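Visitor: File model_6.cif follows (mmCIF, C-alpha atoms and all ligand atoms):
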data_my_file
#
loop_
_atom_site.label_atom_id
_atom_site.label_comp_id
_atom_site.auth_asym_id
_atom_site.auth_seq_id
_atom_site.Cartn_x
_atom_site.Cartn_y
_atom_site.Cartn_z
CA MET A 1 -22.36 22.90 -13.07
CA PRO A 2 -23.68 21.60 -16.40
CA ARG A 3 -24.33 17.87 -16.48
CA THR A 4 -25.93 15.23 -18.64
CA VAL A 5 -27.75 12.27 -17.10
CA THR A 6 -24.56 10.22 -17.11
CA GLY A 7 -22.13 12.89 -16.03
CA ILE A 8 -20.52 15.93 -17.55
CA ASP A 9 -21.62 18.02 -20.50
CA PRO A 10 -18.20 18.98 -21.84
CA THR A 11 -19.56 21.33 -24.49
CA VAL A 12 -20.88 23.61 -21.74
CA LEU A 13 -18.11 23.00 -19.25
CA ARG A 14 -15.35 23.87 -21.73
CA GLU A 15 -16.69 27.43 -21.90
CA GLU A 16 -14.96 27.92 -18.55
CA PHE A 17 -11.50 27.17 -20.00
CA PRO A 18 -10.19 30.19 -21.94
CA ALA A 19 -7.18 28.37 -23.43
CA LEU A 20 -9.42 25.87 -25.22
CA HIS A 21 -10.96 28.61 -27.35
CA GLN A 22 -8.25 29.31 -29.85
CA VAL A 23 -7.35 28.52 -33.41
CA VAL A 24 -4.10 26.60 -33.80
CA ASN A 25 -2.54 26.24 -37.23
CA GLY A 26 -5.81 27.29 -38.85
CA ASP A 27 -8.14 24.95 -36.93
CA PRO A 28 -9.91 25.11 -33.57
CA LEU A 29 -7.62 23.63 -30.90
CA VAL A 30 -8.21 20.02 -29.88
CA TYR A 31 -6.24 19.54 -26.68
CA LEU A 32 -5.54 15.85 -26.03
CA ASP A 33 -2.34 16.14 -23.99
CA ASN A 34 -3.87 16.16 -20.54
CA ALA A 35 -1.61 13.52 -19.05
CA ALA A 36 1.22 16.05 -19.59
CA THR A 37 -0.72 18.96 -18.13
CA THR A 38 -4.31 20.16 -18.02
CA GLN A 39 -5.86 23.49 -18.96
CA LYS A 40 -7.09 25.86 -16.25
CA PRO A 41 -10.67 26.98 -15.61
CA ARG A 42 -11.49 30.64 -14.92
CA ALA A 43 -12.07 29.81 -11.25
CA VAL A 44 -8.38 28.91 -10.88
CA LEU A 45 -7.15 31.87 -12.92
CA ASP A 46 -9.36 34.19 -10.84
CA ALA A 47 -8.06 32.73 -7.56
CA LEU A 48 -4.44 33.35 -8.64
CA ARG A 49 -5.25 36.87 -9.74
CA HIS A 50 -7.22 37.62 -6.60
CA PHE A 51 -4.36 36.43 -4.40
CA TYR A 52 -1.77 38.59 -6.14
CA GLU A 53 -4.08 41.61 -6.34
CA HIS A 54 -5.25 41.55 -2.71
CA ASP A 55 -3.45 39.19 -0.33
CA ASN A 56 0.11 38.88 -1.63
CA ALA A 57 2.64 38.68 1.23
CA ASN A 58 4.99 36.08 2.66
CA VAL A 59 3.51 33.42 4.93
CA HIS A 60 4.12 32.53 8.59
CA ARG A 61 6.34 35.60 9.01
CA GLY A 62 4.71 39.00 9.09
CA ILE A 63 2.60 40.51 11.86
CA HIS A 64 0.71 42.54 9.30
CA GLU A 65 -2.72 42.12 7.75
CA LEU A 66 -1.59 40.92 4.32
CA SER A 67 0.75 38.34 5.79
CA ARG A 68 -2.08 37.08 7.98
CA ARG A 69 -4.38 36.81 4.98
CA ALA A 70 -1.73 35.08 2.87
CA THR A 71 -1.01 32.61 5.70
CA ASP A 72 -4.70 31.92 6.22
CA ALA A 73 -5.24 31.32 2.49
CA PHE A 74 -2.15 29.10 2.28
CA GLU A 75 -3.16 26.95 5.25
CA ALA A 76 -6.81 26.80 4.16
CA ALA A 77 -5.54 25.55 0.79
CA ARG A 78 -3.66 22.77 2.57
CA ILE A 79 -6.87 21.63 4.26
CA ARG A 80 -8.72 21.71 0.92
CA VAL A 81 -6.07 19.75 -0.97
CA ALA A 82 -5.76 17.27 1.92
CA SER A 83 -9.48 16.60 1.65
CA TRP A 84 -9.13 15.66 -2.05
CA VAL A 85 -7.25 12.50 -1.07
CA ASN A 86 -9.06 12.09 2.28
CA ALA A 87 -5.91 12.66 4.32
CA PRO A 88 -6.78 12.19 8.00
CA ASN A 89 -5.10 15.47 8.90
CA ALA A 90 -3.94 18.44 6.80
CA SER A 91 -0.71 18.61 8.84
CA GLU A 92 0.30 15.40 7.03
CA VAL A 93 0.27 17.19 3.68
CA VAL A 94 3.58 18.74 2.61
CA TRP A 95 3.59 21.27 -0.22
CA THR A 96 6.00 20.34 -2.97
CA ARG A 97 6.74 21.47 -6.52
CA GLY A 98 4.90 18.41 -7.78
CA THR A 99 4.93 14.63 -7.75
CA THR A 100 8.61 14.51 -8.69
CA GLU A 101 9.63 16.49 -5.65
CA GLY A 102 7.29 14.49 -3.41
CA ILE A 103 8.93 11.20 -4.38
CA ASN A 104 12.42 12.69 -4.10
CA LEU A 105 11.49 13.93 -0.64
CA VAL A 106 10.59 10.42 0.55
CA ALA A 107 13.56 8.84 -1.23
CA TYR A 108 16.05 11.21 0.40
CA ALA A 109 14.44 12.10 3.73
CA TRP A 110 13.44 8.52 4.55
CA GLY A 111 15.81 6.57 2.34
CA LEU A 112 19.14 8.13 3.29
CA SER A 113 18.75 7.41 6.98
CA ASN A 114 16.93 4.07 6.76
CA LEU A 115 18.32 2.15 3.79
CA ARG A 116 21.42 -0.01 4.00
CA LYS A 117 23.40 -2.27 1.71
CA GLY A 118 21.32 -5.35 0.96
CA ASP A 119 17.96 -3.59 1.37
CA GLU A 120 15.62 -3.64 -1.61
CA ILE A 121 13.24 -1.15 -3.20
CA VAL A 122 10.56 -2.47 -5.54
CA VAL A 123 9.17 -0.52 -8.49
CA SER A 124 7.46 -1.63 -11.70
CA VAL A 125 8.61 -1.59 -15.29
CA MET A 126 5.91 0.97 -16.13
CA GLU A 127 7.03 3.71 -13.73
CA HIS A 128 7.43 7.30 -14.83
CA HIS A 129 11.09 8.32 -14.50
CA SER A 130 10.01 10.40 -11.47
CA ASN A 131 9.34 7.16 -9.62
CA LEU A 132 12.52 5.47 -10.78
CA ILE A 133 15.44 7.90 -10.86
CA PRO A 134 15.07 9.11 -7.22
CA TRP A 135 15.30 5.48 -6.08
CA GLN A 136 18.28 4.81 -8.34
CA LEU A 137 20.03 7.82 -6.82
CA VAL A 138 19.27 6.77 -3.26
CA CYS A 139 20.40 3.22 -4.03
CA GLY A 140 23.69 4.76 -5.21
CA HIS A 141 24.06 6.57 -1.87
CA THR A 142 23.06 3.71 0.42
CA GLY A 143 23.98 0.46 -1.33
CA ALA A 144 20.32 -0.60 -1.47
CA ARG A 145 19.19 -2.44 -4.58
CA LEU A 146 16.34 -1.75 -6.98
CA ARG A 147 14.06 -4.62 -8.02
CA HIS A 148 11.30 -4.36 -10.56
CA VAL A 149 8.01 -6.05 -11.38
CA ASP A 150 7.00 -6.69 -14.97
CA ILE A 151 3.66 -6.21 -16.74
CA ASP A 152 1.70 -8.81 -18.69
CA ASP A 153 1.17 -8.49 -22.43
CA GLN A 154 -1.94 -6.38 -21.88
CA GLY A 155 -0.08 -3.86 -19.77
CA ARG A 156 -1.25 -5.01 -16.35
CA LEU A 157 1.07 -5.25 -13.37
CA ARG A 158 2.19 -8.83 -12.67
CA LEU A 159 1.02 -9.21 -9.07
CA ASP A 160 2.34 -12.79 -9.07
CA GLN A 161 5.81 -11.37 -9.75
CA LEU A 162 5.39 -8.79 -7.02
CA GLU A 163 4.75 -11.62 -4.59
CA ASP A 164 7.91 -13.38 -5.79
CA VAL A 165 10.07 -10.27 -5.54
CA LEU A 166 8.94 -9.29 -2.03
CA SER A 167 11.11 -10.55 0.81
CA ASP A 168 12.33 -9.50 4.24
CA ARG A 169 14.90 -7.37 2.39
CA THR A 170 12.16 -5.21 0.82
CA ARG A 171 11.97 -1.84 2.57
CA ILE A 172 9.91 0.15 0.07
CA VAL A 173 7.41 -0.63 -2.67
CA SER A 174 6.90 2.45 -4.84
CA ILE A 175 4.23 2.15 -7.52
CA GLY A 176 2.33 4.45 -9.83
CA HIS A 177 -1.41 4.58 -9.21
CA VAL A 178 -2.06 4.98 -12.95
CA SER A 179 0.38 4.63 -15.85
CA ASN A 180 0.82 7.91 -17.71
CA SER A 181 1.90 5.97 -20.82
CA ILE A 182 -0.68 3.21 -21.20
CA GLY A 183 -3.33 4.25 -18.68
CA THR A 184 -3.30 1.06 -16.58
CA ILE A 185 -4.91 1.54 -13.18
CA ASN A 186 -2.90 -0.42 -10.65
CA PRO A 187 -4.60 -2.28 -7.77
CA VAL A 188 -2.96 -0.14 -5.09
CA ARG A 189 -4.83 -1.69 -2.16
CA GLU A 190 -3.71 -5.19 -3.14
CA ILE A 191 -0.14 -3.97 -3.66
CA VAL A 192 -0.14 -2.30 -0.25
CA ASP A 193 -1.49 -5.44 1.40
CA LEU A 194 1.24 -7.53 -0.21
CA ALA A 195 3.94 -5.03 0.80
CA LYS A 196 2.68 -5.10 4.38
CA THR A 197 3.20 -8.85 4.59
CA VAL A 198 6.96 -8.18 4.50
CA GLY A 199 6.81 -4.94 6.51
CA ALA A 200 7.70 -2.70 3.56
CA LEU A 201 6.60 0.94 3.27
CA THR A 202 4.47 1.91 0.30
CA VAL A 203 4.84 5.03 -1.80
CA VAL A 204 2.23 5.82 -4.46
CA ASP A 205 2.99 8.04 -7.44
CA GLY A 206 -0.43 9.63 -7.71
CA ALA A 207 0.35 12.06 -10.55
CA GLN A 208 -2.21 10.31 -12.78
CA GLY A 209 -4.36 8.95 -9.97
CA ALA A 210 -5.46 12.03 -8.03
CA PRO A 211 -6.72 13.94 -11.11
CA HIS A 212 -8.80 11.11 -12.54
CA LEU A 213 -9.95 8.68 -9.83
CA PRO A 214 -11.61 9.14 -6.48
CA VAL A 215 -8.62 8.75 -4.11
CA ASP A 216 -8.83 7.89 -0.41
CA VAL A 217 -5.37 7.40 1.08
CA GLN A 218 -6.85 5.87 4.23
CA ALA A 219 -8.73 3.24 2.22
CA LEU A 220 -5.67 2.58 0.05
CA GLY A 221 -3.63 2.00 3.20
CA CYS A 222 -0.39 3.36 1.68
CA ASP A 223 2.25 5.29 3.62
CA PHE A 224 2.87 8.14 1.14
CA TYR A 225 0.88 9.52 -1.81
CA ALA A 226 2.36 12.21 -4.11
CA PHE A 227 0.44 14.27 -6.67
CA SER A 228 0.67 17.45 -8.78
CA GLY A 229 -1.64 20.45 -9.07
CA HIS A 230 -1.10 21.08 -12.78
CA LYS A 231 -2.47 17.71 -13.84
CA MET A 232 -5.82 18.48 -12.23
CA CYS A 233 -6.60 22.02 -13.45
CA GLY A 234 -4.28 23.70 -10.93
CA PRO A 235 -1.14 25.77 -11.53
CA THR A 236 2.29 24.35 -12.38
CA GLY A 237 4.99 24.29 -9.70
CA ILE A 238 2.73 23.13 -6.85
CA GLY A 239 2.04 19.63 -5.63
CA ALA A 240 1.37 17.75 -2.44
CA LEU A 241 2.87 14.82 -0.62
CA TRP A 242 0.67 13.10 1.91
CA GLY A 243 2.50 10.92 4.41
CA LYS A 244 1.60 9.16 7.66
CA ARG A 245 2.31 11.47 10.55
CA GLU A 246 4.57 9.11 12.49
CA LEU A 247 6.73 8.57 9.40
CA LEU A 248 6.97 12.28 8.60
CA ASP A 249 7.83 12.96 12.26
CA SER A 250 10.61 10.38 12.17
CA MET A 251 12.22 11.74 9.00
CA GLU A 252 15.04 14.25 8.76
CA PRO A 253 14.40 17.44 6.75
CA TYR A 254 14.80 17.20 2.99
CA GLN A 255 16.17 20.72 2.52
CA GLY A 256 17.36 23.39 4.96
CA GLY A 257 16.61 27.09 5.12
CA GLY A 258 14.01 29.52 6.39
CA GLU A 259 10.53 28.37 7.49
CA MET A 260 11.58 24.83 8.46
CA ILE A 261 13.38 25.57 11.74
CA SER A 262 12.49 25.92 15.40
CA VAL A 263 15.72 27.22 17.01
CA VAL A 264 18.87 28.03 15.04
CA ARG A 265 22.33 28.28 16.57
CA LEU A 266 25.59 28.62 14.72
CA GLU A 267 26.52 24.98 15.20
CA GLU A 268 23.16 23.23 15.22
CA SER A 269 19.45 23.75 14.93
CA THR A 270 16.12 22.15 15.69
CA TRP A 271 13.25 21.71 13.28
CA ALA A 272 9.73 23.02 13.00
CA GLU A 273 6.83 20.63 13.31
CA VAL A 274 5.56 18.63 10.35
CA PRO A 275 4.69 19.69 7.66
CA HIS A 276 6.77 22.91 7.90
CA LYS A 277 9.93 20.87 8.59
CA PHE A 278 9.85 19.88 4.91
CA GLU A 279 9.01 23.30 3.48
CA ALA A 280 12.28 25.24 3.45
CA GLY A 281 12.17 28.69 1.89
CA THR A 282 9.29 30.79 0.59
CA PRO A 283 6.72 28.37 -0.77
CA ASN A 284 4.56 28.69 -3.87
CA ILE A 285 1.81 30.50 -1.98
CA ALA A 286 -0.29 31.56 -4.95
CA GLY A 287 0.17 28.08 -6.41
CA ALA A 288 -1.29 26.51 -3.26
CA VAL A 289 -4.26 28.89 -3.41
CA GLY A 290 -4.77 28.05 -7.09
CA PHE A 291 -4.48 24.31 -6.36
CA ALA A 292 -7.24 24.60 -3.75
CA ALA A 293 -9.41 26.47 -6.27
CA ALA A 294 -8.86 23.60 -8.69
CA VAL A 295 -10.00 21.13 -6.01
CA ASP A 296 -13.12 23.23 -5.39
CA TYR A 297 -13.78 23.27 -9.11
CA LEU A 298 -13.33 19.51 -9.57
CA GLU A 299 -15.43 18.74 -6.47
CA ASP A 300 -18.19 20.75 -8.08
CA VAL A 301 -17.87 18.80 -11.33
CA GLY A 302 -18.01 15.61 -9.25
CA ARG A 303 -15.40 12.88 -8.90
CA ASP A 304 -17.63 10.08 -10.10
CA ALA A 305 -18.78 12.18 -13.04
CA ILE A 306 -15.14 12.84 -14.00
CA ARG A 307 -14.42 9.14 -13.95
CA ARG A 308 -17.53 8.20 -15.94
CA HIS A 309 -16.82 10.85 -18.55
CA GLU A 310 -13.25 9.64 -19.02
CA VAL A 311 -14.30 6.01 -19.33
CA GLU A 312 -16.81 7.02 -22.02
CA LEU A 313 -14.21 9.03 -23.94
CA THR A 314 -11.69 6.21 -23.63
CA ARG A 315 -14.24 3.67 -24.86
CA HIS A 316 -15.07 5.90 -27.83
CA ALA A 317 -11.40 6.40 -28.72
CA MET A 318 -10.61 2.69 -28.38
CA ASP A 319 -13.66 1.72 -30.47
CA ARG A 320 -12.81 4.19 -33.24
CA LEU A 321 -9.09 3.38 -33.27
CA GLY A 322 -9.85 -0.34 -32.96
CA GLU A 323 -11.67 -0.20 -36.32
CA LEU A 324 -8.42 0.73 -38.07
CA PRO A 325 -6.21 -2.28 -38.88
CA TRP A 326 -3.17 -0.01 -39.24
CA ILE A 327 -3.37 1.12 -35.64
CA ARG A 328 -2.06 -0.80 -32.65
CA ILE A 329 -3.30 0.28 -29.21
CA PHE A 330 -1.14 -0.32 -26.13
CA GLY A 331 -2.40 -1.19 -22.66
CA PRO A 332 -5.42 -2.98 -21.19
CA PRO A 333 -8.24 -3.70 -23.70
CA GLU A 334 -11.05 -2.66 -21.30
CA PRO A 335 -11.68 1.11 -21.01
CA GLU A 336 -12.67 0.58 -17.36
CA ALA A 337 -9.18 -0.76 -16.60
CA ARG A 338 -7.52 2.53 -17.55
CA SER A 339 -7.73 6.23 -17.00
CA GLY A 340 -8.30 8.50 -20.01
CA VAL A 341 -5.08 7.59 -21.77
CA VAL A 342 -4.86 5.87 -25.15
CA ALA A 343 -1.39 5.23 -26.55
CA PHE A 344 -1.07 3.85 -30.05
CA GLU A 345 1.17 3.23 -33.01
CA VAL A 346 0.29 4.08 -36.63
CA GLU A 347 1.74 1.46 -38.94
CA GLY A 348 4.68 2.86 -40.87
CA ALA A 349 4.65 6.29 -39.23
CA HIS A 350 7.00 7.53 -36.54
CA PRO A 351 5.07 8.95 -33.55
CA HIS A 352 6.78 12.32 -34.04
CA ASP A 353 5.46 12.45 -37.60
CA VAL A 354 2.00 11.51 -36.31
CA ALA A 355 2.07 14.31 -33.72
CA THR A 356 3.44 16.81 -36.25
CA ILE A 357 0.68 16.11 -38.78
CA LEU A 358 -1.98 16.29 -36.07
CA ASP A 359 -0.49 19.55 -34.82
CA SER A 360 -0.75 20.99 -38.31
CA GLU A 361 -4.53 20.49 -37.90
CA GLY A 362 -4.62 22.04 -34.42
CA ILE A 363 -4.69 18.70 -32.56
CA ALA A 364 -2.33 18.40 -29.59
CA ILE A 365 -1.22 14.90 -28.62
CA ARG A 366 2.08 13.71 -27.18
CA ALA A 367 4.66 11.59 -28.97
CA GLY A 368 7.78 10.08 -27.48
CA HIS A 369 8.73 7.84 -24.57
CA HIS A 370 6.55 9.78 -22.10
CA CYS A 371 9.30 9.63 -19.45
CA THR A 372 8.92 5.84 -19.35
CA GLN A 373 11.88 4.51 -21.32
CA PRO A 374 11.94 1.10 -19.56
CA LEU A 375 8.26 0.64 -20.44
CA MET A 376 8.92 1.52 -24.09
CA ARG A 377 11.65 -1.15 -24.16
CA ARG A 378 9.24 -3.63 -22.58
CA LEU A 379 6.63 -2.83 -25.26
CA GLY A 380 9.30 -3.20 -27.95
CA VAL A 381 8.99 0.34 -29.29
CA SER A 382 11.09 3.47 -28.98
CA ALA A 383 8.09 5.78 -28.73
CA THR A 384 4.31 5.91 -29.00
CA SER A 385 1.63 8.47 -29.83
CA ARG A 386 -0.60 9.27 -26.87
CA ALA A 387 -3.99 10.94 -26.62
CA SER A 388 -5.09 11.75 -23.09
CA PHE A 389 -8.44 13.16 -22.03
CA TYR A 390 -9.94 15.30 -19.31
CA ILE A 391 -13.29 16.69 -18.27
CA TYR A 392 -13.61 19.16 -21.16
CA ASN A 393 -12.88 16.78 -24.04
CA THR A 394 -15.63 15.59 -26.36
CA GLU A 395 -16.23 12.59 -28.61
CA ALA A 396 -16.26 15.02 -31.55
CA GLU A 397 -12.66 15.94 -30.73
CA ILE A 398 -11.68 12.29 -30.76
CA ASP A 399 -13.39 11.94 -34.14
CA ARG A 400 -11.31 14.84 -35.44
CA MET A 401 -8.16 13.09 -34.23
CA VAL A 402 -9.23 9.88 -36.00
CA ARG A 403 -9.87 11.78 -39.25
CA ALA A 404 -6.39 13.33 -39.00
CA LEU A 405 -4.92 9.87 -38.44
CA HIS A 406 -6.40 8.85 -41.78
CA THR A 407 -4.31 11.64 -43.31
CA VAL A 408 -1.25 10.23 -41.56
CA HIS A 409 -2.02 6.76 -42.90
CA GLY A 410 -2.53 8.21 -46.39
CA ILE A 411 1.01 9.59 -46.28
CA PHE A 412 2.87 6.77 -44.55
CA GLY A 413 0.67 3.71 -44.99
CA THR A 414 2.11 2.51 -48.28
CA HIS A 415 5.65 2.50 -46.86
CA ALA A 416 4.73 0.14 -44.03
N1 LIG A 501 4.43 10.35 -12.38
C1 LIG A 501 3.60 10.25 -13.41
C2 LIG A 501 2.84 8.97 -13.62
C3 LIG A 501 3.44 11.32 -14.29
O1 LIG A 501 2.61 11.22 -15.33
C4 LIG A 501 4.17 12.51 -14.06
C5 LIG A 501 4.09 13.64 -15.00
O2 LIG A 501 4.00 13.47 -16.19
C6 LIG A 501 5.00 12.58 -12.94
C7 LIG A 501 5.11 11.47 -12.13
C8 LIG A 501 5.77 13.80 -12.63
O3 LIG A 501 4.91 14.84 -12.29
P1 LIG A 501 5.47 16.32 -12.14
O4 LIG A 501 6.22 16.60 -13.41
O5 LIG A 501 4.25 17.15 -11.98
O6 LIG A 501 6.36 16.33 -10.96
#
Take the structure I supplied and represent it as structure tokens, if you would.
Guide:
Amino acid sequence: MPRTVTGIDPTVLREEFPALHQVVNGDPLVYLDNAATTQKPRAVLDALRHFYEHDNANVHRGIHELSRRATDAFEAARIRVASWVNAPNASEVVWTRGTTEGINLVAYAWGLSNLRKGDEIVVSVMEHHSNLIPWQLVCGHTGARLRHVDIDDQGRLRLDQLEDVLSDRTRIVSIGHVSNSIGTINPVREIVDLAKTVGALTVVDGAQGAPHLPVDVQALGCDFYAFSGHKMCGPTGIGALWGKRELLDSMEPYQGGGEMISVVRLEESTWAEVPHKFEAGTPNIAGAVGFAAAVDYLEDVGRDAIRRHEVELTRHAMDRLGELPWIRIFGPPEPEARSGVVAFEVEGAHPHDVATILDSEGIAIRAGHHCTQPLMRRLGVSATSRASFYIYNTEAEIDRMVRALHTVHGIFGTHA
């Protein structure tokens, strides 16, 4: 794997990502929308192709060679993905469609049978809707109540408020590891320790944590950690939920169907062991295999190198954007306090206009509320522009974005 002294050499590494090598609207593509989804290296594309060309069959069912191979690949993938977050045992990792399904699984499978009127669930104001709506729905079913913790003016979680909100009514604290909108890295270990003082369970939305930071669920001490394959070079439609074995064992199934049963009678049935109890129906077998290939790939790049590279890119973007008085950057001022996400506002220009002009020069960023409407309200805006980086991005790409922002300012600046 190509490396510089400090980490990754993206100019060499990006050769492995076919989608990055295209002309978009007349210019070479600059892909800065990695918090939405990442591009896929050849190793992942090859793993998907190899699976479908050689091993494709249903899992845990057939007595034939292909089914055996598919099952072996599927279960080996579980072990590989479990290792990415240092899960103590791969049987504690449930395949899901992604982070959204992982959080819904906990909310319904744990929440419906354990929450009562008067119980409280704590989230923060910066949660992605995936870590808010499932809890709202379960509150509606159970009579539990949602509480939230604010951020300070630099986009950091107010731990003092978390302490105030926690009480013996708190049953769950569910917090994002990293904000997809402003990049803030939350102090998960401290949050977990605080939650434990009142006996609450902790759920971590790891959609933006697992791809960008070294994650060790045992060191974090949380009860559940959900993440998505597609945000870390893997395929869409596959994710993983890690949960503590005794909790998963105690929970009712989330969905019913094939694969998740032990004995079925017309009136009642018994369930398979964890994790299969939560995996009703034919799973995304190729997706799991591709996810494991993505983990192999990222392990090879190196977790610390990924982190260092993103901090450097973030520092460069914040320095360059910080020179422009007509740009306001949201979130913590220190690059080390965030993942590779820089959200900003261009004076006088709507974020959709910003993204449209950048797109016309082949530069992909995201504009909108980023599935965090409460956070937008808290920041006092309806939308932001967001550039988000991954292993293959370069400082030169950020410079191209900054040049294009000058064009935006040239058009809209005088109307500010
Ligand atoms: N949580 C965060 C912080 C996210 O950024 C996202 C995706 O954007 C999700 C949850 C949902 O992930 P998925 O759509 O893969 O389920």
Visitor: Using all atoms listed in the file, list the residues that have an atom at most 8 Å from (9.8, 11.4, -7.4), coordinates as in the file, as a CSV table (one decimal) with C-alpha atoms, in the coordinates of the input.
Guide:
chain,number,residue,atom,x,y,z
A,99,THR,CA,4.9,14.6,-7.8
A,100,THR,CA,8.6,14.5,-8.7
A,101,GLU,CA,9.6,16.5,-5.6
A,102,GLY,CA,7.3,14.5,-3.4
A,103,ILE,CA,8.9,11.2,-4.4
A,104,ASN,CA,12.4,12.7,-4.1
A,105,LEU,CA,11.5,13.9,-0.6
A,107,ALA,CA,13.6,8.8,-1.2
A,129,HIS,CA,11.1,8.3,-14.5
A,130,SER,CA,10.0,10.4,-11.5
A,131,ASN,CA,9.3,7.2,-9.6
A,132,LEU,CA,12.5,5.5,-10.8
A,133,ILE,CA,15.4,7.9,-10.9
A,134,PRO,CA,15.1,9.1,-7.2
A,205,ASP,CA,3.0,8.0,-7.4
Visitor: Produce the centre coordinates and the three edge lengths, each in Å to one decimal, of the box along x, y and z that contains all listed atoms of region 147-158 of chain A with 6 Å added on each side, as JSON.
Guide:
{"center_x": 6.1, "center_y": -6.3, "center_z": -15.2, "size_x": 28.0, "size_y": 17.0, "size_z": 26.4}
Visitor: Determine the nearest neighbour of ligand LIG 501 (chain A) from the options A:Cys371, A:Ala280, A:Leu13, A:Cys139, counting only C-alpha atoms and all ligand atoms.
Guide: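 Counting only C-alpha atoms and all ligand atoms, the residue closest to ligand LIG 501 (chain A) is A:Cys371.
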Visitor: Please identify all protein, DNA and RNA residues within 9 Å of ligand LIG 501 (chain A), counting all atoms listed in the file, and report them as a PyMOL selection string.
Guide: chain A and resi 35-37+96-103+126-131+176-181+205-209+226-231+236-239+370-372
Visitor: Which is closest to Glu397 (chain A) among A:Val125, A:Ala364, A:Leu112, A:Met376, if we use all atoms listed in the file?
Guide: A:Ala364
Visitor: Every residue with an atom at most 9 Å from (-6.3, 20.8, -12.3) (file coordinates; only C-alpha atoms) is what I'm after, so could you write them as a ChimeraX atom specification?
Guide: /A:37-41,44,211,228-235,291,293-295,297-298
Visitor: Tell me which of A:Ala240, A:Ala210, A:Ile185, A:Val23 sits closest to Ser91 (chain A), counting only C-alpha atoms.
Guide: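 Result for the nearest residue to Ser91 (chain A): A:Ala240.
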Visitor: Could you pull the residues within 7 Å of region 334-343 of chain A, counting only C-alpha atoms, minus those fewer than 4 positions along the same chain, as a list in words?
Guide: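 With the cut-off at 7 Å, the set is Ser181, Ile182, Gly183, Thr184, Ile185, His212, Glu310, Val311, Thr314, Arg315, Ile329, Phe330, Thr384, Ser385, Arg386, Ala387, Ser388 and Phe389 of chain A.
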Visitor: Pick from A:Tyr108, A:Gly140, A:Arg145, A:Thr282: nearest to Glu120 (chain A), with all atoms listed in the file counted?
Guide: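 Going through A:Tyr108, A:Gly140, A:Arg145, A:Thr282 one by one, the smallest distance to Glu120 (chain A) is for A:Arg145.
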Visitor: Set the distance at 10 Å and use all atoms listed in the file: which residues neighbour region 213-224 of chain A once local chain neighbours fewer than 2 positions away are removed? I'd like the list as number ranges by chain.
Guide: A: 82-88, 92-93, 102-103, 106, 172-174, 177-178, 185, 187-193, 195-196, 200-206, 208-211, 226, 241-248, 302-304, 306-308, 310, 339
Visitor: Write out the residues from the selection above, keeping C-alpha atoms, as a short mmCIF file (atom, residue, chain, number, x, y, z; two decimals), keeping the file's coordinate frame.
Guide:
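The new file out.cif reads:
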data_model
loop_
_atom_site.label_atom_id
_atom_site.label_comp_id
_atom_site.auth_asym_id
_atom_site.auth_seq_id
_atom_site.Cartn_x
_atom_site.Cartn_y
_atom_site.Cartn_z
CA ALA A 82 -5.76 17.27 1.92
CA SER A 83 -9.48 16.60 1.65
CA TRP A 84 -9.13 15.66 -2.05
CA VAL A 85 -7.25 12.50 -1.07
CA ASN A 86 -9.06 12.09 2.28
CA ALA A 87 -5.91 12.66 4.32
CA PRO A 88 -6.78 12.19 8.00
CA GLU A 92 0.30 15.40 7.03
CA VAL A 93 0.27 17.19 3.68
CA GLY A 102 7.29 14.49 -3.41
CA ILE A 103 8.93 11.20 -4.38
CA VAL A 106 10.59 10.42 0.55
CA ILE A 172 9.91 0.15 0.07
CA VAL A 173 7.41 -0.63 -2.67
CA SER A 174 6.90 2.45 -4.84
CA HIS A 177 -1.41 4.58 -9.21
CA VAL A 178 -2.06 4.98 -12.95
CA ILE A 185 -4.91 1.54 -13.18
CA PRO A 187 -4.60 -2.28 -7.77
CA VAL A 188 -2.96 -0.14 -5.09
CA ARG A 189 -4.83 -1.69 -2.16
CA GLU A 190 -3.71 -5.19 -3.14
CA ILE A 191 -0.14 -3.97 -3.66
CA VAL A 192 -0.14 -2.30 -0.25
CA ASP A 193 -1.49 -5.44 1.40
CA ALA A 195 3.94 -5.03 0.80
CA LYS A 196 2.68 -5.10 4.38
CA ALA A 200 7.70 -2.70 3.56
CA LEU A 201 6.60 0.94 3.27
CA THR A 202 4.47 1.91 0.30
CA VAL A 203 4.84 5.03 -1.80
CA VAL A 204 2.23 5.82 -4.46
CA ASP A 205 2.99 8.04 -7.44
CA GLY A 206 -0.43 9.63 -7.71
CA GLN A 208 -2.21 10.31 -12.78
CA GLY A 209 -4.36 8.95 -9.97
CA ALA A 210 -5.46 12.03 -8.03
CA PRO A 211 -6.72 13.94 -11.11
CA ALA A 226 2.36 12.21 -4.11
CA LEU A 241 2.87 14.82 -0.62
CA TRP A 242 0.67 13.10 1.91
CA GLY A 243 2.50 10.92 4.41
CA LYS A 244 1.60 9.16 7.66
CA ARG A 245 2.31 11.47 10.55
CA GLU A 246 4.57 9.11 12.49
CA LEU A 247 6.73 8.57 9.40
CA LEU A 248 6.97 12.28 8.60
CA GLY A 302 -18.01 15.61 -9.25
CA ARG A 303 -15.40 12.88 -8.90
CA ASP A 304 -17.63 10.08 -10.10
CA ILE A 306 -15.14 12.84 -14.00
CA ARG A 307 -14.42 9.14 -13.95
CA ARG A 308 -17.53 8.20 -15.94
CA GLU A 310 -13.25 9.64 -19.02
CA SER A 339 -7.73 6.23 -17.00
#
Visitor: Tell me, as a short mmCIF file (atom, residue, chain, number, x, y, z; two decimals) with C-alpha atoms, in the frame of the given file, which residues lie within 8 Å of region 59-69 of chain A, counting all atoms listed in the file; anything in the same chain fewer than 4 positions away does not count.
Guide:
data_model
loop_
_atom_site.label_atom_id
_atom_site.label_comp_id
_atom_site.auth_asym_id
_atom_site.auth_seq_id
_atom_site.Cartn_x
_atom_site.Cartn_y
_atom_site.Cartn_z
CA HIS A 54 -5.25 41.55 -2.71
CA ASP A 55 -3.45 39.19 -0.33
CA ALA A 73 -5.24 31.32 2.49
CA PHE A 74 -2.15 29.10 2.28
CA GLU A 259 10.53 28.37 7.49
CA THR A 282 9.29 30.79 0.59
CA ILE A 285 1.81 30.50 -1.98
#
